[in-house]
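First the structure, in the form of structure tokens, and then the observations on it.
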Amino acid sequence: MIFFNPSGAPELACNACGCRWFDRMTNTCYECGAEVPAEDVAEFQAALTEFQHKAEQVT
């Protein structure tokens, strides 16, 4: 699940519990242990790229 913080930056949250903390070594949620699907990671990376591109256009 992707949501946007008050500054407009995307943040990835666990689909199972909503936690925003992940173990990047095992690709699992710290709170409930659910695995982060590769599709969610790819979607998050795309959202980060878009956010960065928009930020570069503003400055």
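Quick note on naming: the chains in the structure tokens go A, B, ... in the order shown, residues restart at 1 in each chain, and ligands are numbered from 1 in order of appearance.
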
Exercise. Counting only C-alpha atoms, what is within 12 Å of range 43-51 of chain A, bar same-chain residues fewer than 4 positions away, as an MDAnalysis selection string?
Worked result: chainID A and resid 1:5 7:14 36:39 55:58

Write a file of the just-selected residues containing N, CA and C atoms, as a compact mmCIF listing (two decimals), in the first residue's frame.
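selection08.txt written:
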```txt
# COMPACT_ATOMS: atom_id res chain seq x y z
N MET A 1 0.86 -1.16 0.00
CA MET A 1 0.00 0.00 0.00
C MET A 1 0.91 1.23 0.00
N ILE A 2 0.60 2.17 -0.86
CA ILE A 2 1.35 3.42 -0.91
C ILE A 2 0.43 4.54 -0.43
N PHE A 3 0.95 5.39 0.42
CA PHE A 3 0.24 6.60 0.80
C PHE A 3 1.23 7.75 0.71
N PHE A 4 0.73 8.95 0.80
CA PHE A 4 1.57 10.14 0.65
C PHE A 4 1.57 10.91 1.96
N ASN A 5 2.77 11.21 2.46
CA ASN A 5 2.88 11.94 3.71
C ASN A 5 2.53 13.42 3.48
N SER A 7 4.17 16.05 3.22
CA SER A 7 5.02 16.78 2.28
C SER A 7 4.82 16.31 0.84
N GLY A 8 4.00 15.28 0.66
CA GLY A 8 3.71 14.77 -0.67
C GLY A 8 4.58 13.62 -1.11
N ALA A 9 5.51 13.20 -0.25
CA ALA A 9 6.39 12.07 -0.60
C ALA A 9 5.66 10.74 -0.40
N PRO A 10 5.87 9.80 -1.29
CA PRO A 10 5.23 8.50 -1.13
C PRO A 10 5.88 7.69 -0.02
N GLU A 11 5.08 6.88 0.65
CA GLU A 11 5.58 5.97 1.68
C GLU A 11 4.91 4.62 1.46
N LEU A 12 5.68 3.58 1.65
CA LEU A 12 5.18 2.22 1.49
C LEU A 12 4.72 1.71 2.85
N ALA A 13 3.52 1.13 2.88
CA ALA A 13 2.99 0.56 4.11
C ALA A 13 2.59 -0.89 3.85
N CYS A 14 2.62 -1.69 4.87
CA CYS A 14 2.27 -3.10 4.79
C CYS A 14 0.79 -3.26 4.42
N VAL A 36 6.53 -8.34 1.61
CA VAL A 36 6.16 -7.24 0.73
C VAL A 36 6.23 -7.76 -0.71
N PRO A 37 5.11 -7.75 -1.43
CA PRO A 37 5.12 -8.25 -2.80
C PRO A 37 6.03 -7.42 -3.70
N ALA A 38 6.68 -8.09 -4.64
CA ALA A 38 7.58 -7.40 -5.58
C ALA A 38 6.84 -6.32 -6.36
N GLU A 39 5.57 -6.55 -6.65
CA GLU A 39 4.78 -5.54 -7.38
C GLU A 39 4.65 -4.26 -6.57
N ALA A 55 9.80 17.20 -7.98
CA ALA A 55 10.58 18.08 -7.10
C ALA A 55 11.66 18.80 -7.89
N GLU A 56 12.27 18.12 -8.85
CA GLU A 56 13.32 18.74 -9.66
C GLU A 56 12.74 19.83 -10.56
N GLN A 57 11.51 19.69 -11.00
CA GLN A 57 10.88 20.69 -11.85
C GLN A 57 10.55 21.95 -11.08
N VAL A 58 10.29 21.83 -9.79
CA VAL A 58 9.92 22.98 -8.96
C VAL A 58 11.14 23.85 -8.68
```

Which residues come within 12 Å of Asp23 in chain A, counting only C-alpha atoms, excluding same-chain residues fewer than 4 positions away, as a CSV table (one decimal) with N, CA, C and O atoms, in the first residue's frame?
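Produced file result37.csv, reproduced below:
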```csv
chain,number,residue,atom,x,y,z
A,14,CYS,N,2.6,-1.7,4.9
A,14,CYS,CA,2.3,-3.1,4.8
A,14,CYS,C,0.8,-3.3,4.4
A,14,CYS,O,-0.1,-2.6,5.0
A,19,CYS,N,1.7,-1.1,8.8
A,19,CYS,CA,3.0,-0.7,9.3
A,19,CYS,C,3.9,-0.1,8.2
A,19,CYS,O,3.8,-0.6,7.1
A,27,ASN,N,12.7,-8.5,3.2
A,27,ASN,CA,11.6,-8.0,2.5
A,27,ASN,C,10.3,-8.3,3.3
A,27,ASN,O,9.3,-8.7,2.6
A,28,THR,N,10.3,-8.2,4.6
A,28,THR,CA,9.1,-8.5,5.4
A,28,THR,C,8.8,-7.3,6.3
A,28,THR,O,9.7,-6.5,6.7
A,29,CYS,N,7.6,-7.2,6.8
A,29,CYS,CA,7.1,-6.2,7.7
A,29,CYS,C,7.6,-6.5,9.1
A,29,CYS,O,7.6,-7.7,9.5
A,30,TYR,N,8.2,-5.5,9.8
A,30,TYR,CA,8.6,-5.8,11.2
A,30,TYR,C,7.5,-6.1,12.1
A,30,TYR,O,7.6,-6.8,13.1
A,31,GLU,N,6.3,-5.5,11.9
A,31,GLU,CA,5.2,-5.6,12.8
A,31,GLU,C,4.5,-7.0,12.7
A,31,GLU,O,4.4,-7.6,13.7
A,32,CYS,N,4.2,-7.4,11.5
A,32,CYS,CA,3.4,-8.7,11.4
A,32,CYS,C,4.2,-9.8,10.6
A,32,CYS,O,3.7,-10.9,10.6
A,33,GLY,N,5.3,-9.5,10.0
A,33,GLY,CA,6.1,-10.5,9.3
A,33,GLY,C,5.6,-10.8,7.9
A,33,GLY,O,6.1,-11.6,7.2
A,34,ALA,N,4.6,-10.0,7.4
A,34,ALA,CA,4.1,-10.3,6.0
A,34,ALA,C,5.1,-9.9,5.0
A,34,ALA,O,5.9,-8.9,5.2
A,35,GLU,N,5.2,-10.7,4.0
A,35,GLU,CA,6.2,-10.4,2.9
A,35,GLU,C,5.6,-9.2,2.0
A,35,GLU,O,4.4,-9.1,1.8
A,36,VAL,N,6.5,-8.3,1.6
A,36,VAL,CA,6.2,-7.2,0.7
A,36,VAL,C,6.2,-7.8,-0.7
A,36,VAL,O,7.3,-8.2,-1.2
```
